[in-house]
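Student: Got a file for you: my_file31.pdb, PDB, C-alpha atoms.
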ATOM      1  CA  MET A1060     -22.521  14.850  -1.214
ATOM      2  CA  ALA A1061     -19.535  17.040  -2.081
ATOM      3  CA  GLN A1062     -16.146  15.401  -1.784
ATOM      4  CA  LYS A1063     -14.169  16.509   1.253
ATOM      5  CA  ARG A1064     -11.321  18.694   0.102
ATOM      6  CA  ASP A1065      -7.892  17.476   1.166
ATOM      7  CA  ALA A1066      -4.218  17.522   0.142
ATOM      8  CA  ARG A1067      -4.965  16.270  -3.373
ATOM      9  CA  HIS A1068      -6.940  19.487  -3.921
ATOM     10  CA  THR A1069      -4.227  21.567  -2.261
ATOM     11  CA  LEU A1070      -1.754  20.129  -4.775
ATOM     12  CA  MET A1071      -3.730  21.701  -7.625
ATOM     13  CA  LEU A1072      -4.058  25.172  -6.063
ATOM     14  CA  PRO A1073      -1.101  26.741  -7.921
ATOM     15  CA  PHE A1074      -2.704  25.747 -11.223
ATOM     16  CA  GLU A1075      -6.226  26.792 -10.176
ATOM     17  CA  GLN A1076      -4.934  30.203  -9.060
ATOM     18  CA  GLU A1077      -2.794  30.491 -12.217
ATOM     19  CA  LEU A1078       0.407  30.833 -10.212
ATOM     20  CA  LEU A1079       1.693  27.982 -12.369
ATOM     21  CA  PRO A1080       0.678  27.391 -15.991
ATOM     22  CA  PHE A1081      -1.313  24.313 -16.945
ATOM     23  CA  PRO A1082       0.906  21.929 -18.962
ATOM     24  CA  GLY A1083       1.170  22.903 -22.599
ATOM     25  CA  ASP A1084       0.540  20.831 -25.721
ATOM     26  CA  GLY A1085       2.743  17.745 -25.846
ATOM     27  CA  GLU A1086       4.047  18.163 -22.294
ATOM     28  CA  ARG A1087       4.000  15.226 -19.871
ATOM     29  CA  TYR A1088       3.974  15.453 -16.081
ATOM     30  CA  CYS A1089       4.652  12.555 -13.734
ATOM     31  CA  TYR A1090       2.449  12.288 -10.655
ATOM     32  CA  ILE A1091       3.711  10.152  -7.761
ATOM     33  CA  ASN A1092       1.297   8.691  -5.186
ATOM     34  CA  ALA A1093      -1.396   9.960  -7.522
ATOM     35  CA  MET A1094      -4.992  10.607  -6.521
ATOM     36  CA  ALA A1095      -7.395  11.676  -9.266
ATOM     37  CA  PRO A1096      -7.492  15.495  -9.568
ATOM     38  CA  GLU A1097     -10.657  17.383 -10.389
ATOM     39  CA  GLY A1098     -11.291  20.071 -12.959
ATOM     40  CA  ARG A1099      -8.950  20.519 -15.902
ATOM     41  CA  ASP A1100      -8.188  17.806 -18.465
ATOM     42  CA  TRP A1101      -5.364  16.318 -16.420
ATOM     43  CA  GLN A1102      -5.900  12.911 -18.046
ATOM     44  CA  SER A1103      -4.197  14.210 -21.193
ATOM     45  CA  VAL A1104      -0.942  15.239 -19.507
ATOM     46  CA  LEU A1105      -0.331  13.010 -16.458
ATOM     47  CA  ASP A1106       1.639   9.783 -16.146
ATOM     48  CA  CYS A1107       0.444   8.565 -12.749
ATOM     49  CA  GLU A1108       2.207   6.218 -10.341
ATOM     50  CA  GLN A1109       0.073   4.575  -7.677
ATOM     51  CA  GLY A1110       0.922   1.317  -5.893
ATOM     52  CA  ASP A1111      -2.251   1.124  -3.812
ATOM     53  CA  ARG A1112      -4.617  -1.098  -5.761
ATOM     54  CA  ARG A1113      -7.851   0.673  -4.820
ATOM     55  CA  SER A1114      -6.504   4.112  -5.744
ATOM     56  CA  PHE A1115      -4.967   2.632  -8.909
ATOM     57  CA  LEU A1116      -8.358   1.297 -10.008
ATOM     58  CA  GLN A1117     -10.004   4.662  -9.309
ATOM     59  CA  LEU A1118      -7.443   6.441 -11.478
ATOM     60  CA  GLU A1119      -7.797   3.869 -14.223
ATOM     61  CA  ALA A1120     -11.600   4.189 -14.170
ATOM     62  CA  ALA A1121     -11.267   7.983 -14.428
ATOM     63  CA  GLY A1122      -9.225   7.635 -17.627
ATOM     64  CA  PHE A1123      -5.724   8.331 -16.327
ATOM     65  CA  SER A1124      -2.526   6.667 -17.511
ATOM     66  CA  VAL A1125      -1.424   4.859 -14.363
ATOM     67  CA  GLU A1126       1.181   2.256 -13.413
ATOM     68  CA  PRO A1127       2.084   0.838  -9.982
ATOM     69  CA  SER A1128       5.725   1.780 -10.558
ATOM     70  CA  ARG A1129       7.392   3.956 -13.201
ATOM     71  CA  GLU A1130      10.850   4.778 -14.443
ATOM     72  CA  LEU A1131      10.929   8.586 -14.249
ATOM     73  CA  GLU A1132      12.947  10.377 -16.915
ATOM     74  CA  ASN A1133      12.807  13.547 -19.010
ATOM     75  CA  TYR A1134       9.480  14.904 -17.724
ATOM     76  CA  ASP A1135       8.195  18.448 -18.286
ATOM     77  CA  GLY A1136       6.819  18.664 -14.755
ATOM     78  CA  ALA A1137       6.317  16.573 -11.649
ATOM     79  CA  LEU A1138       3.688  16.317  -8.924
ATOM     80  CA  VAL A1139       4.193  14.498  -5.619
ATOM     81  CA  LEU A1140       1.416  13.864  -3.102
ATOM     82  CA  ALA A1141       3.074  13.164   0.244
ATOM     83  CA  GLY A1142       1.856  10.444   2.593
ATOM     84  CA  LYS A1143       2.599   9.623   6.221
ATOM     85  CA  HIS A1144       5.945   7.870   5.694
ATOM     86  CA  LYS A1145       8.850  10.322   5.966
ATOM     87  CA  ARG A1146      11.544   8.330   4.176
ATOM     88  CA  LEU A1147       9.186   7.281   1.397
ATOM     89  CA  ASN A1148       8.162  10.920   0.870
ATOM     90  CA  GLU A1149      11.806  11.967   0.636
ATOM     91  CA  ALA A1150      12.582   9.188  -1.817
ATOM     92  CA  ASN A1151       9.593  10.089  -3.982
ATOM     93  CA  VAL A1152      10.600  13.759  -4.081
ATOM     94  CA  ILE A1153      14.147  12.813  -5.107
ATOM     95  CA  ARG A1154      12.853  10.455  -7.806
ATOM     96  CA  ALA A1155      10.571  13.173  -9.167
ATOM     97  CA  TRP A1156      13.372  15.766  -9.123
ATOM     98  CA  ASN A1157      15.757  13.433 -10.926
ATOM     99  CA  GLY A1158      13.090  12.621 -13.514
ATOM    100  CA  LEU A1159      12.611  16.269 -14.518
ATOM    101  CA  LYS A1160      14.157  18.236 -17.349
ATOM    102  CA  PRO A1161      16.257  21.182 -16.089
ATOM    103  CA  GLY A1162      14.204  24.327 -15.555
ATOM    104  CA  LYS A1163      10.946  22.452 -15.007
ATOM    105  CA  ILE A1164       8.652  22.600 -11.984
ATOM    106  CA  LEU A1165       8.320  20.086  -9.125
ATOM    107  CA  VAL A1166       5.137  20.579  -7.059
ATOM    108  CA  VAL A1167       4.752  18.832  -3.685
ATOM    109  CA  ALA A1168       1.746  18.785  -1.354
ATOM    110  CA  GLY A1169       0.577  16.941   1.710
ATOM    111  CA  ASP A1170      -1.645  17.077   4.741
ATOM    112  CA  LYS A1171      -0.248  19.097   7.628
ATOM    113  CA  ASN A1172      -0.629  16.207  10.074
ATOM    114  CA  VAL A1173       1.400  13.711   8.030
ATOM    115  CA  GLY A1174       4.702  15.557   7.863
ATOM    116  CA  ILE A1175       4.546  17.981   4.928
ATOM    117  CA  ALA A1176       6.364  20.705   6.912
ATOM    118  CA  PRO A1177       9.446  18.511   7.551
ATOM    119  CA  LEU A1178       9.377  17.477   3.887
ATOM    120  CA  ARG A1179       9.428  21.140   2.880
ATOM    121  CA  LYS A1180      12.470  21.660   5.127
ATOM    122  CA  PHE A1181      14.139  18.627   3.531
ATOM    123  CA  VAL A1182      13.690  20.155   0.082
ATOM    124  CA  GLN A1183      14.578  23.694   1.236
ATOM    125  CA  ALA A1184      17.949  22.376   2.402
ATOM    126  CA  LYS A1185      18.683  21.378  -1.201
ATOM    127  CA  VAL A1186      17.099  24.102  -3.312
ATOM    128  CA  GLU A1187      15.218  27.364  -2.867
ATOM    129  CA  VAL A1188      11.461  26.929  -2.559
ATOM    130  CA  GLU A1189       9.757  29.233  -5.043
ATOM    131  CA  GLU A1190       6.474  29.634  -3.181
ATOM    132  CA  SER A1191       4.017  27.803  -0.947
ATOM    133  CA  LEU A1192       0.303  27.891  -0.145
ATOM    134  CA  SER A1193      -1.854  26.492   2.659
ATOM    135  CA  LYS A1194      -5.440  25.289   2.294
ATOM    136  CA  ASN A1195      -7.658  22.287   3.092
ATOM    137  CA  HIS A1196      -5.463  21.487   6.125
ATOM    138  CA  GLY A1197      -2.599  20.971   3.693
ATOM    139  CA  LEU A1198       0.479  22.685   2.286
ATOM    140  CA  VAL A1199       1.741  22.887  -1.297
ATOM    141  CA  PHE A1200       5.131  24.196  -2.412
ATOM    142  CA  TRP A1201       7.141  24.117  -5.599
ATOM    143  CA  VAL A1202      10.735  24.296  -6.789
ATOM    144  CA  VAL A1203      12.525  24.626 -10.129
ATOM    145  CA  LYS A1204      14.749  21.764 -11.279
ATOM    146  CA  GLN A1205      18.439  22.601 -11.471
ATOM    147  CA  ALA A1206      20.921  20.747 -13.665
ATOM    148  CA  THR A1207      22.200  18.513 -10.852
ATOM    149  CA  ASP A1208      20.347  15.388  -9.755
ATOM    150  CA  TRP A1209      20.028  14.451  -6.074
ATOM    151  CA  GLU A1210      21.445  11.264  -4.623
ATOM    152  CA  LEU A1211      18.817   8.625  -3.938
ATOM    153  CA  SER A1212      19.942   6.506  -1.016
ATOM    154  CA  PRO A1213      18.540   2.992  -0.587
ATOM    155  CA  VAL A1214      15.411   3.073   1.575
ATOM    156  CA  GLY A1215      15.052  -0.651   2.215
ATOM    157  CA  ALA A1216      15.612  -2.456   5.495
ATOM    158  CA  ALA A1217      16.041  -6.036   6.671
ATOM    159  CA  VAL A1218      13.836  -7.533   9.398
ATOM    160  CA  GLU A1219      14.943 -11.002  10.515
ATOM    161  CA  GLY A1220      16.035 -11.853   6.996
ATOM    162  CA  TYR A1221      13.041 -10.259   5.246
ATOM    163  CA  LYS A1222      13.530  -7.197   3.040
ATOM    164  CA  THR A1223      11.144  -4.309   3.693
ATOM    165  CA  ALA A1224      10.828  -0.625   2.843
ATOM    166  CA  PRO A1225       9.089   2.499   4.205
ATOM    167  CA  GLY A1226       5.408   2.644   3.359
ATOM    168  CA  MET A1227       4.852  -1.070   3.927
ATOM    169  CA  PHE A1228       3.002  -2.427   6.950
ATOM    170  CA  SER A1229       5.346  -2.737   9.947
ATOM    171  CA  PRO A1230       8.576  -2.294   7.930
ATOM    172  CA  GLU A1231      10.950  -2.058  10.896
ATOM    173  CA  LYS A1232       9.890  -5.019  13.033
ATOM    174  CA  ILE A1233       7.714  -8.116  12.989
ATOM    175  CA  ASP A1234       4.160  -7.109  13.859
ATOM    176  CA  MET A1235       3.129  -8.629  17.201
ATOM    177  CA  GLY A1236      -0.135  -9.950  15.793
ATOM    178  CA  SER A1237       1.593 -11.652  12.884
ATOM    179  CA  SER A1238       4.169 -13.148  15.224
ATOM    180  CA  LEU A1239       1.417 -14.574  17.434
ATOM    181  CA  LEU A1240      -0.409 -15.999  14.418
ATOM    182  CA  ALA A1241       2.773 -17.675  13.164
ATOM    183  CA  GLU A1242       3.065 -19.523  16.499
ATOM    184  CA  HIS A1243       0.048 -21.580  15.373
ATOM    185  CA  PHE A1244       1.551 -22.702  12.056
ATOM    186  CA  ASP A1245       2.251 -26.424  11.780
ATOM    187  CA  GLU A1246       1.715 -29.440   9.515
ATOM    188  CA  ARG A1247      -2.067 -29.199   9.926
ATOM    189  CA  ILE A1248      -1.977 -26.407   7.350
ATOM    190  CA  ARG A1249      -1.754 -28.287   4.095
ATOM    191  CA  GLY A1250      -2.976 -28.422   0.531
ATOM    192  CA  SER A1251      -3.991 -25.205  -1.203
ATOM    193  CA  VAL A1252      -3.400 -22.142   0.990
ATOM    194  CA  ALA A1253      -3.829 -18.374   0.583
ATOM    195  CA  ASP A1254      -2.595 -15.380   2.566
ATOM    196  CA  PHE A1255      -5.078 -12.497   2.399
ATOM    197  CA  GLY A1256      -3.137  -9.254   2.885
ATOM    198  CA  ALA A1257       0.277 -10.872   2.518
ATOM    199  CA  GLY A1258       2.291  -7.691   3.131
ATOM    200  CA  TRP A1259       6.000  -8.228   2.571
ATOM    201  CA  GLY A1260       5.718 -11.982   3.043
ATOM    202  CA  TYR A1261       6.411 -12.686   6.702
ATOM    203  CA  LEU A1262       3.465 -15.028   7.305
ATOM    204  CA  CYS A1263       4.023 -16.948   4.070
ATOM    205  CA  GLY A1264       7.718 -17.296   4.799
ATOM    206  CA  GLU A1265       7.058 -18.645   8.284
ATOM    207  CA  LEU A1266       4.370 -21.003   7.000
ATOM    208  CA  LEU A1267       6.691 -22.441   4.368
ATOM    209  CA  SER A1268       9.238 -23.105   7.122
ATOM    210  CA  CYS A1269       6.668 -24.820   9.387
ATOM    211  CA  SER A1270       4.688 -26.982   6.970
ATOM    212  CA  LYS A1271       6.021 -29.219   4.210
ATOM    213  CA  LYS A1272       2.549 -30.291   3.129
ATOM    214  CA  LEU A1273       1.564 -27.284   1.055
ATOM    215  CA  SER A1274       0.767 -27.888  -2.604
ATOM    216  CA  HIS A1275      -0.211 -24.355  -3.553
ATOM    217  CA  LEU A1276       0.368 -20.956  -1.916
ATOM    218  CA  ASP A1277      -1.250 -17.742  -3.173
ATOM    219  CA  LEU A1278      -0.380 -14.263  -1.940
ATOM    220  CA  TYR A1279      -3.007 -11.496  -2.169
ATOM    221  CA  GLU A1280      -1.910  -7.943  -1.426
ATOM    222  CA  ALA A1281      -3.153  -4.442  -2.332
ATOM    223  CA  ASP A1282       0.213  -2.677  -2.023
ATOM    224  CA  TRP A1283       2.384  -3.223  -5.088
ATOM    225  CA  ALA A1284       5.754  -2.644  -3.409
ATOM    226  CA  SER A1285       4.883  -5.009  -0.549
ATOM    227  CA  LEU A1286       3.848  -7.764  -2.947
ATOM    228  CA  GLU A1287       7.055  -7.397  -4.949
ATOM    229  CA  ALA A1288       9.039  -7.630  -1.715
ATOM    230  CA  ALA A1289       7.045 -10.676  -0.603
ATOM    231  CA  LYS A1290       7.795 -12.553  -3.812
ATOM    232  CA  GLU A1291      11.499 -11.915  -3.328
ATOM    233  CA  ASN A1292      11.424 -12.666   0.396
ATOM    234  CA  ILE A1293       9.945 -16.159   0.037
ATOM    235  CA  SER A1294      11.512 -17.142  -3.287
ATOM    236  CA  ASP A1295      14.155 -19.333  -1.652
ATOM    237  CA  LYS A1296      11.590 -21.070   0.586
ATOM    238  CA  VAL A1297       8.956 -22.051  -1.975
ATOM    239  CA  GLY A1298      10.645 -25.197  -3.267
ATOM    240  CA  ASP A1299       8.114 -27.422  -5.062
ATOM    241  CA  VAL A1300       5.103 -25.461  -3.807
ATOM    242  CA  HIS A1301       3.243 -23.745  -6.637
ATOM    243  CA  MET A1302       3.113 -20.040  -5.794
ATOM    244  CA  GLY A1303       0.828 -17.298  -7.103
ATOM    245  CA  ALA A1304       1.031 -13.592  -6.296
ATOM    246  CA  TYR A1305      -1.900 -11.266  -6.957
ATOM    247  CA  TRP A1306      -2.009  -7.502  -6.712
ATOM    248  CA  ILE A1307      -5.653  -7.112  -5.756
ATOM    249  CA  ASP A1308      -8.135  -5.173  -3.652
ATOM    250  CA  ILE A1309      -9.689  -8.064  -1.750
ATOM    251  CA  THR A1310     -12.681  -5.953  -0.748
ATOM    252  CA  ALA A1311     -13.665  -5.130  -4.342
ATOM    253  CA  GLU A1312     -12.170  -7.652  -6.781
ATOM    254  CA  PRO A1313     -13.175 -11.310  -7.251
ATOM    255  CA  ILE A1314     -11.157 -14.314  -6.120
ATOM    256  CA  THR A1315     -12.017 -17.388  -8.146
ATOM    257  CA  ARG A1316      -9.849 -20.066  -6.543
ATOM    258  CA  LYS A1317     -11.024 -22.126  -3.527
ATOM    259  CA  TYR A1318      -8.599 -22.991  -0.717
ATOM    260  CA  ASN A1319      -8.146 -25.577   2.019
ATOM    261  CA  TRP A1320      -6.739 -22.923   4.346
ATOM    262  CA  ILE A1321      -6.591 -19.136   4.443
ATOM    263  CA  ILE A1322      -4.270 -17.296   6.812
ATOM    264  CA  MET A1323      -4.545 -13.577   7.447
ATOM    265  CA  ASN A1324      -3.798 -10.597   9.628
ATOM    266  CA  PRO A1325      -6.395  -8.320   8.044
ATOM    267  CA  PRO A1326      -5.975  -4.547   7.959
ATOM    268  CA  PHE A1327      -8.360  -2.529  10.081
ATOM    269  CA  HIS A1328      -7.249   1.024   9.332
ATOM    270  CA  ALA A1329      -8.163   3.321   6.456
ATOM    271  CA  GLY A1330      -5.684   6.162   6.813
ATOM    272  CA  ARG A1331      -5.526   7.065  10.512
ATOM    273  CA  LYS A1332      -9.006   5.884  11.470
ATOM    274  CA  ALA A1333     -10.148   2.423  12.509
ATOM    275  CA  ASP A1334     -12.237   0.854   9.752
ATOM    276  CA  ILE A1335     -13.920  -2.218  11.223
ATOM    277  CA  PRO A1336     -15.890  -2.978   8.009
ATOM    278  CA  LEU A1337     -12.545  -3.391   6.222
ATOM    279  CA  GLY A1338     -11.639  -6.374   8.387
ATOM    280  CA  GLU A1339     -15.192  -7.679   8.147
ATOM    281  CA  SER A1340     -14.956  -7.654   4.353
ATOM    282  CA  PHE A1341     -11.769  -9.761   4.574
ATOM    283  CA  ILE A1342     -13.623 -12.303   6.717
ATOM    284  CA  ALA A1343     -16.535 -12.439   4.290
ATOM    285  CA  LYS A1344     -14.223 -12.889   1.304
ATOM    286  CA  ALA A1345     -12.293 -15.623   3.139
ATOM    287  CA  ARG A1346     -15.545 -17.502   3.779
ATOM    288  CA  GLN A1347     -16.406 -17.303   0.069
ATOM    289  CA  SER A1348     -12.939 -18.501  -0.927
ATOM    290  CA  LEU A1349     -12.720 -21.651   1.210
ATOM    291  CA  GLN A1350     -13.593 -25.168   0.100
ATOM    292  CA  PRO A1351     -16.103 -27.230   2.122
ATOM    293  CA  LYS A1352     -14.489 -27.982   5.500
ATOM    294  CA  GLY A1353     -11.868 -25.346   4.674
ATOM    295  CA  LYS A1354     -10.366 -23.371   7.545
ATOM    296  CA  LEU A1355      -9.509 -19.751   8.281
ATOM    297  CA  LEU A1356      -6.668 -18.950  10.677
ATOM    298  CA  MET A1357      -6.567 -15.249  11.532
ATOM    299  CA  VAL A1358      -5.346 -12.748  14.091
ATOM    300  CA  ALA A1359      -6.939  -9.472  15.112
ATOM    301  CA  ASN A1360      -6.564  -6.795  17.747
ATOM    302  CA  ILE A1361      -8.342  -7.881  20.894
ATOM    303  CA  GLN A1362     -10.788  -4.959  20.911
ATOM    304  CA  LEU A1363     -12.129  -5.587  17.397
ATOM    305  CA  PRO A1364     -15.619  -7.191  17.288
ATOM    306  CA  TYR A1365     -14.909  -9.944  14.763
ATOM    307  CA  GLU A1366     -15.794 -13.003  16.842
ATOM    308  CA  ALA A1367     -19.559 -12.631  16.338
ATOM    309  CA  LEU A1368     -19.134 -12.373  12.564
ATOM    310  CA  LEU A1369     -16.882 -15.430  12.492
ATOM    311  CA  LYS A1370     -19.470 -17.457  14.422
ATOM    312  CA  GLN A1371     -22.177 -16.228  12.072
ATOM    313  CA  LYS A1372     -20.392 -17.099   8.834
ATOM    314  CA  PHE A1373     -18.601 -20.313   9.847
ATOM    315  CA  SER A1374     -19.888 -23.608  11.230
ATOM    316  CA  ARG A1375     -17.263 -23.570  13.981
ATOM    317  CA  CYS A1376     -15.062 -20.845  15.473
ATOM    318  CA  GLU A1377     -12.428 -21.429  18.141
ATOM    319  CA  LEU A1378     -10.327 -18.893  20.042
ATOM    320  CA  LEU A1379      -6.803 -20.355  19.983
ATOM    321  CA  SER A1380      -4.923 -17.620  21.791
ATOM    322  CA  SER A1381      -5.366 -14.263  23.481
ATOM    323  CA  LYS A1382      -2.095 -12.537  24.272
ATOM    324  CA  GLY A1383      -0.380  -9.174  23.999
ATOM    325  CA  GLY A1384      -3.504  -7.368  22.831
ATOM    326  CA  PHE A1385      -4.284  -9.859  20.046
ATOM    327  CA  LYS A1386      -6.583 -12.828  19.498
ATOM    328  CA  VAL A1387      -6.040 -15.775  17.161
ATOM    329  CA  PHE A1388      -9.109 -17.525  15.764
ATOM    330  CA  GLU A1389      -9.543 -20.713  13.796
ATOM    331  CA  ALA A1390     -12.843 -21.020  11.939
ATOM    332  CA  MET A1391     -14.139 -23.856   9.744
ATOM    333  CA  VAL A1392     -16.638 -23.694   6.877
TER
END
Let's see the structure in the file written out as structure tokens.

Tutor:
Amino acid sequence: MAQKRDARHTLMLPFEQELLPFPGDGERYCYINAMAPEGRDWQSVLDCEQGDRRSFLQLEAAGFSVEPSRELENYDGALVLAGKHKRLNEANVIRAWNGLKPGKILVVAGDKNVGIAPLRKFVQAKVEVEESLSKNHGLVFWVVKQATDWELSPVGAAVEGYKTAPGMFSPEKIDMGSSLLAEHFDERIRGSVADFGAGWGYLCGELLSCSKKLSHLDLYEADWASLEAAKENISDKVGDVHMGAYWIDITAEPITRKYNWIIMNPPFHAGRKADIPLGESFIAKARQSLQPKGKLLMVANIQLPYEALLKQKFSRCELLSSKGGFKVFEAMV
């Protein structure tokens, strides 16, 4: 089946149509929020940045140079694939611009329904846009780097003492589901514990405040920036608890440690669409990762059909709470 063409393909249009030259010998381009391009030998010229673990692994498998975060400096060209977070897009464009040599090209593309038009206006207010193209429900435009860098304002925020940033899950307020789950934290949760999909550390931080009987706490998260924030956010709460932090795609990569408890507010969206199998894969991995008599404490949106799977995979499943559109379950191996 042919791959659906989207903004990642739109990004390459200027090169496919020879409106822009393919990078020359020895030239290096940075590519922010990278998704593997098709066609030309882009592996030889791109330094990719991708903080989403699944996309990172896809790039790595395709032979690209990729890091979750890069220092951008002295590049011969820059590509930015915009996402759905306005302030993150703006910050990425500024980083790419500042990382370019004067006179070099910055190419930006994104899907029309995730805010590429406002991003174009943001750039147009700073520098003349050379040209733009529309295709695959997306828009691509490019500009030429001038001598002056653009100011990069801090994009972080603080939510009840936790540091967050655009692009993370619920960066401006405590998610209602997570808040409801945290209401069930107490001294029963002890021993070796893991948080599957730890985000920026809210659940782990609340757990450390509620239970003094943890011996080991592991954070698993697929978003690099969120995991880095989580480590910082709970650093002053860990105390004598041994902490591990793992940048991992729970659905695809192995977890070798076994836990007494696993807490989680699993994701159930892939892009803009509900992806029920994503949450189901978290439940299955949690079951595999618990010791005998180990327990899973999780929250989910009330309309998601996870209860049957929990009863199938665990010896006991109890509904602890149903409130505000969310359900909290406790299940035992």

Student: Return the single residue from A:Glu1132, A:Glu1280, A:Asp1254, A:Glu1190 that is closest to Arg1113 (chain A), with distances computed using all atoms listed in the file.

Tutor: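 Among the listed residues, A:Glu1280 lies closest to Arg1113 (chain A).
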
Student: Tell me which protein, DNA and RNA residues are within 9 Å of Ile1091 (chain A), counting only C-alpha atoms, leaving out same-chain ones fewer than 2 positions away, and put them as a compact mmCIF listing (two decimals) with C-alpha atoms, in the frame of the given file.

Tutor:
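The file below, result-v7.txt, is the result:
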# COMPACT_ATOMS: atom_id res chain seq x y z
CA CYS A 1089 4.65 12.56 -13.73
CA ALA A 1093 -1.40 9.96 -7.52
CA MET A 1094 -4.99 10.61 -6.52
CA ASP A 1106 1.64 9.78 -16.15
CA CYS A 1107 0.44 8.56 -12.75
CA GLU A 1108 2.21 6.22 -10.34
CA GLN A 1109 0.07 4.58 -7.68
CA ALA A 1137 6.32 16.57 -11.65
CA LEU A 1138 3.69 16.32 -8.92
CA VAL A 1139 4.19 14.50 -5.62
CA LEU A 1140 1.42 13.86 -3.10
CA ALA A 1141 3.07 13.16 0.24
CA ASN A 1151 9.59 10.09 -3.98
CA VAL A 1152 10.60 13.76 -4.08
CA ALA A 1155 10.57 13.17 -9.17

Student: Can you list, as a ChimeraX atom specification, every protein, DNA or RNA residue that comes within 6 Å of Ala1390 (chain A) when you count only C-alpha atoms, leaving out same-chain residues fewer than 3 positions away?

Tutor: /A:1354-1355,1375-1376

Student: List the neighbours of Arg1316 (chain A) out to 10 Å using all atoms listed in the file; skip same-chain residues closer than 4 positions along the sequence, and give me the result as a PDB file with C-alpha atoms, keeping the file's coordinate frame.

Tutor:
ATOM      1  CA  SER A1251      -3.991 -25.205  -1.203  1.00  0.00           C
ATOM      2  CA  ALA A1253      -3.829 -18.374   0.583  1.00  0.00           C
ATOM      3  CA  ASP A1277      -1.250 -17.742  -3.173  1.00  0.00           C
ATOM      4  CA  GLN A1347     -16.406 -17.303   0.069  1.00  0.00           C
ATOM      5  CA  SER A1348     -12.939 -18.501  -0.927  1.00  0.00           C
ATOM      6  CA  LEU A1349     -12.720 -21.651   1.210  1.00  0.00           C
ATOM      7  CA  GLN A1350     -13.593 -25.168   0.100  1.00  0.00           C
TER       8      GLN A1350
END

Student: Step by step: start from the point (3.0, 0.7, -12.3) in the file's coordinates, keep every protein, DNA or RNA residue that has an atom no farther than 7 Å from it, count only C-alpha atoms, and write the set as an NGL selection string.

Tutor: :A and (1108-1110 or 1125-1129)

Student: Taking the file as I've supplied it (selection: the PyMOL selection byres ((chain A and resi 1373) around 8)), which residues are included? Please answer as number ranges by chain.

Tutor: A: 1346, 1369-1372, 1374-1376, 1390-1392

Student: Quick one: which residues end up in the PyMOL selection byres ((chain A and resi 1071-1085) around 10) for this structure, as a PyMOL selection string?

Tutor: chain A and resi 1066-1070+1086-1088+1096-1101+1103-1105+1135-1136+1138+1164+1166-1168+1190-1194+1198-1201

Student: Using the chain letters and numbering of this document, enumerate as an MDAnalysis selection string the residues selected by the PyMOL selection byres ((chain A and resi 1312) around 12).

Tutor: chainID A and resid 1112:1113 1116 1279:1281 1305:1311 1313:1315 1340:1341 1344

Student: Which one is closest to Glu1210 (chain A): A:Leu1159, A:Ala1150, A:Ile1248, A:Leu1239? Count only C-alpha atoms.

Tutor: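 The shortest atom-to-atom distance to Glu1210 (chain A) comes from A:Ala1150.
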
Student: Set up a box along x, y and z of the file covering all listed atoms of region 1262-1269 of chain A, add 3 Å on every one of the six sides, and write the centre and edge lengths in Å to one decimal, as JSON.

Tutor:
{"center_x": 6.4, "center_y": -19.9, "center_z": 6.7, "size_x": 11.8, "size_y": 15.8, "size_z": 11.3}

Student: What gap, in Å, lies between CA of His1301 (chain A) and CA of Arg1249 (chain A)?

Tutor: 12.7 Å

Student: Check the smallest atom-to-atom distance from each of A:Ile1321, A:Leu1240, A:Ala1095, A:Val1203 to Ser1381 (chain A) using all atoms listed in the file, then report the winner.

Tutor: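 Once distances to Ser1381 (chain A) are computed over all atoms listed in the file, the minimum belongs to A:Leu1240.
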
Student: Between CA of Leu1278 (chain A) and CA of Gly1260 (chain A), what is the distance, to one decimal in Å?

Tutor: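 Answer for the CA of Leu1278 (chain A) to CA of Gly1260 (chain A) separation: 8.2 Å.
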
Student: Enter the distance from CA of Pro1230 (chain A) to CA of Pro1177 (chain A), in Å, rounded to one decimal.

Tutor: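 Calculated distance between CA of Pro1230 (chain A) and CA of Pro1177 (chain A) is 20.8 Å.
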
Student: So which one's closest to Asn1148 (chain A), A:Asn1133, A:Ser1380, A:Asn1324, A:Asn1092? Using only C-alpha atoms, please.

Tutor: A:Asn1092

Student: If I put a ball of radius 12 Å at (-14.7, -9.9, 15.4) in the file's coordinates, which residues poke into it when counting all atoms listed in the file, written as a PyMOL selection string?

Tutor: chain A and resi 1325+1327+1335-1343+1357-1372+1376+1378+1385-1388+1390

Student: In terms of the shortest atom-to-atom distance over only C-alpha atoms, which of A:Ser1285, A:Gln1183, A:Asn1157, A:Asn1195 is closest to Ala1257 (chain A)?

Tutor: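 Distance minimum relative to Ala1257 (chain A) lands on A:Ser1285.
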
Student: Which residues are close to Cys1263 (chain A), i.e. within 12 Å by all atoms listed in the file, leaving aside same-chain residues fewer than 5 positions away? Reply as a PyMOL selection string.

Tutor: chain A and resi 1221+1237-1238+1240-1241+1244+1248+1252-1258+1268-1270+1273+1275-1279+1286+1289-1297+1300+1302-1304+1321-1324

Student: Taking only C-alpha atoms into account, which of A:Lys1160, A:Ala1121, A:Gly1250, A:Gly1384 comes nearest Gly1236 (chain A)?

Tutor: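 Ranked by minimum distance to Gly1236 (chain A), first place goes to A:Gly1384.
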